[in-house]
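*Asks:* After the structure tokens below, expect a handful of questions from me.
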Amino acid sequence: MGNVPVPAKPALGPAITLAEFLEDYPLYRKCPLKWDGAPDTLSLDCWNCKKETTWGHAGNINDQHGVKVRQYVCHLCRRAAVTYVIVDIGNGSIMKVGQFPRKSIRVPHDVEKRLGASTDFYQKALTSESEGYGLGAVAYFRRVIEDKTNELIDVVADAAAAYGVEAKVVENLRAGKGERIFEDKLKIASQAMPEVLKPGGANPLQALHRILSVGIHTQTEEECLQMAKEIQDIFEYLFVRLRAEIEDRTSFVTRVKAIASKRGQRAEADDGKK
């Protein structure tokens with residue numbers, strides 16, 4: 001029967017800064033990072049100011065037996081404060097074991113307005129991720145991708161058309177929507193992905209398909225957390241940023257054509273007067 005290729009397990013991802021660790025890293029997840037002093041500032045949502053602001057380090061609250069307690073205060077209102085509890089678990093790794101108030105989990109506005117009924121699943125995916133439940137996060141993200149696969153393919157096809165890709169290629173991209181299983185839809189669409197939509201040679205649809213093809217029952221929570229983050233990054237790139245790029249490009253092309261048309265009409269009028 002031959003050997004069946006087994007998808008490689010996802011890497012644990014690049015190193016992050018201590019500021020990123022405090023701002024976004026999930027609770028109870030081992031982080032291969034050395035604690036060499038609390039960062040001076042963080043960027044966090046302020047529930048008092050109702051927007052993202054800069055937060056300053058308010059000093060060391062406690063340091064005992066490898067446990068560090070750090071507090072940050074919003075620079076803008078000076079009223080909102082957040083406290084973190086970090087543990088040095090040895091071997092150059094740390095873990096965030098507490099945060100109060102708990103991290104506000106909200107779907108980014110530009111994502112939420114396009115998700116519709118899938119917003120609830122996306123919210124649950126982000127919440128699971130923040131609490132260190134990788135298996136749950138992947139499951140919820142899979143449901144969102146399943147709901148939005150046809151829309152993702154349309155975004156990619158629209159982008160291809162906006163970049164002047166020949167109609168046959170655009171048609172092949174949309175052909176994936178005819179499959180019943182969302183993984184098959186992604187596979188067919190990824191195979192038709194034109195080079196112009198592969199940033200740095202990377203095929204986002206193919207990457208998404210490969211991640212979702214990994215059997216999560218064989219993965220650890222740590223590996224699932226990394227998978228969830230990768231799914232989120234690719235989905236938001238395709239679903240939001242690429243769509244915005246298409247809209248900007250289409251709007252710009254329309255304006256340029258209108259300008260060129262007006263200039264051409266004026267030039268013809270001037271020639272007629274000579």
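Chains: A, B, ... in order of the structure tokens. Residues: from 1 per chain. Ligands: from 1, in order shown.
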Write out as a list in words which residues come within 9 Å of A:Val107 when counting only C-alpha atoms, dropping same-chain ones fewer than 2 positions away.

*Replies:*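 The neighbour list is Ile105, His109, Asp110, Val111, Glu112, Thr119, Tyr122, Gln123 and Leu126 of chain A.
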
*Asks:* Which residues, written as a VMD selection string, have at least one atom at most 9 Å from A:Asn48, with only C-alpha atoms counted and residues fewer than 2 positions away on the same chain left out?

*Replies:* chain A and resid 45 to 46 50 to 51 77 79 to 80

*Asks:* Ranking A:Glu221, A:Pro39, A:Leu197, A:Asp233 by minimum distance to A:Ala137 and counting only C-alpha atoms, which one comes first?

*Replies:*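 Answer, going by the shortest atom-to-atom distance: A:Glu221.
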
*Asks:* Within 7 Å of stretch 140-146 of chain A, counting only C-alpha atoms, which residues show up once you throw out same-chain ones fewer than 5 positions away? Write them as a CSV table (one decimal) with C-alpha atoms, in the first residue's frame, please.

*Replies:*
```
chain,number,residue,atom,x,y,z
A,118,SER,CA,-20.1,33.0,13.0
A,121,PHE,CA,-17.8,30.7,17.4
A,122,TYR,CA,-14.9,33.1,16.7
A,124,LYS,CA,-15.3,31.2,21.8
A,125,ALA,CA,-12.2,30.3,19.8
A,182,PHE,CA,-14.7,22.2,3.3
```

*Asks:* Going by DSSP on the backbone, which bits of stretch 27-232 of chain A are helix (DSSP H, G or I)? Write them as a compact mmCIF listing (two decimals) with C-alpha atoms, in the first residue's frame, please.

*Replies:*
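This is the output file result_28.txt:
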```
# COMPACT_ATOMS: atom_id res chain seq x y z
CA HIS A 109 -14.33 45.10 14.80
CA ASP A 110 -13.15 44.67 11.21
CA VAL A 111 -13.46 40.88 11.62
CA GLU A 112 -16.77 40.96 13.50
CA LYS A 113 -18.61 43.04 10.91
CA ARG A 114 -17.86 40.38 8.27
CA LEU A 115 -18.44 37.25 10.36
CA GLY A 116 -22.16 37.59 10.93
CA ALA A 117 -23.60 34.51 12.66
CA SER A 118 -20.10 33.00 13.02
CA THR A 119 -19.02 35.74 15.45
CA ASP A 120 -20.04 33.65 18.47
CA PHE A 121 -17.82 30.74 17.42
CA TYR A 122 -14.93 33.12 16.75
CA GLN A 123 -15.37 34.66 20.19
CA LYS A 124 -15.31 31.20 21.77
CA ALA A 125 -12.16 30.31 19.81
CA LEU A 126 -10.38 33.42 21.10
CA THR A 127 -11.58 32.75 24.66
CA SER A 128 -10.37 29.13 24.54
CA GLU A 129 -7.03 30.30 23.18
CA SER A 130 -6.60 32.90 25.94
CA GLY A 134 -5.81 24.71 22.40
CA LEU A 135 -8.02 21.79 21.45
CA GLY A 136 -11.16 23.86 21.99
CA ALA A 137 -9.70 26.85 20.13
CA VAL A 138 -8.88 24.75 17.06
CA ALA A 139 -12.35 23.15 17.11
CA TYR A 140 -14.09 26.53 17.17
CA PHE A 141 -11.80 28.00 14.49
CA ARG A 142 -12.50 24.95 12.30
CA ARG A 143 -16.21 25.64 12.61
CA VAL A 144 -15.70 29.26 11.53
CA ILE A 145 -13.61 28.17 8.53
CA GLU A 146 -16.26 25.60 7.61
CA ASP A 147 -18.94 28.30 7.71
CA LYS A 148 -16.86 30.79 5.72
CA THR A 149 -14.96 28.60 3.22
CA ASN A 150 -17.01 29.69 0.20
CA GLU A 151 -16.60 33.33 1.21
CA LEU A 152 -12.82 32.89 1.62
CA ILE A 153 -12.61 31.38 -1.86
CA ASP A 154 -14.64 34.28 -3.29
CA VAL A 155 -12.28 36.79 -1.66
CA VAL A 156 -9.27 35.07 -3.22
CA ALA A 157 -10.99 34.83 -6.61
CA ASP A 158 -11.99 38.49 -6.47
CA ALA A 159 -8.41 39.41 -5.61
CA ALA A 160 -7.13 37.39 -8.56
CA ALA A 161 -9.55 39.18 -10.88
CA ALA A 162 -8.54 42.57 -9.43
CA ALA A 167 -10.56 34.44 -16.27
CA LYS A 168 -9.85 30.69 -16.50
CA VAL A 169 -7.69 30.80 -13.36
CA VAL A 170 -10.36 32.77 -11.50
CA GLU A 171 -12.92 30.20 -12.61
CA ASN A 172 -10.71 27.34 -11.35
CA LEU A 173 -10.44 29.06 -7.96
CA ARG A 174 -14.20 29.30 -7.64
CA ALA A 175 -14.58 25.66 -8.73
CA GLY A 176 -13.54 24.58 -5.24
CA LYS A 177 -16.89 25.82 -3.92
CA GLY A 178 -18.57 22.91 -5.67
CA PHE A 182 -14.70 22.25 3.29
CA GLU A 183 -11.20 20.70 3.38
CA ASP A 184 -11.67 19.59 -0.26
CA LYS A 185 -12.85 23.08 -1.20
CA LEU A 186 -9.67 24.58 0.27
CA LYS A 187 -7.47 21.98 -1.43
CA ILE A 188 -8.88 22.59 -4.91
CA ALA A 189 -8.81 26.37 -4.52
CA SER A 190 -5.24 26.29 -3.18
CA GLN A 191 -4.08 24.31 -6.22
CA GLU A 195 1.49 33.39 -8.02
CA VAL A 196 0.46 37.03 -7.66
CA LEU A 197 -1.51 36.08 -4.52
CA PRO A 199 3.18 36.70 -0.67
CA GLY A 200 6.84 35.72 -0.66
CA GLY A 201 5.89 32.53 -2.51
CA PRO A 204 -2.15 30.97 2.32
CA LEU A 205 -4.97 28.62 1.24
CA GLN A 206 -2.56 25.69 1.02
CA ALA A 207 -1.12 26.53 4.45
CA LEU A 208 -4.65 26.71 5.91
CA HIS A 209 -5.58 23.39 4.34
CA ARG A 210 -2.46 21.68 5.73
CA ILE A 211 -3.07 22.95 9.25
CA LEU A 212 -6.69 21.84 9.20
CA SER A 213 -5.68 18.42 7.84
CA ILE A 216 -6.00 17.23 16.43
CA HIS A 217 -6.61 14.06 18.48
CA THR A 218 -2.87 13.36 18.17
CA GLU A 221 -2.64 21.34 24.00
CA GLU A 222 0.58 23.25 23.28
CA GLU A 223 0.59 22.16 19.65
CA CYS A 224 -3.12 22.92 19.29
CA LEU A 225 -2.58 26.43 20.67
CA GLN A 226 0.04 27.04 18.01
CA MET A 227 -2.28 25.63 15.35
CA ALA A 228 -5.09 27.92 16.55
CA LYS A 229 -2.84 30.97 16.30
CA GLU A 230 -1.77 30.00 12.77
CA ILE A 231 -5.38 29.47 11.68
CA GLN A 232 -6.34 32.86 13.11
```

*Asks:* One number please: atom CA of A:Ile86 to atom CA of A:Thr41, in Å, one decimal.

*Replies:* 16.5 Å
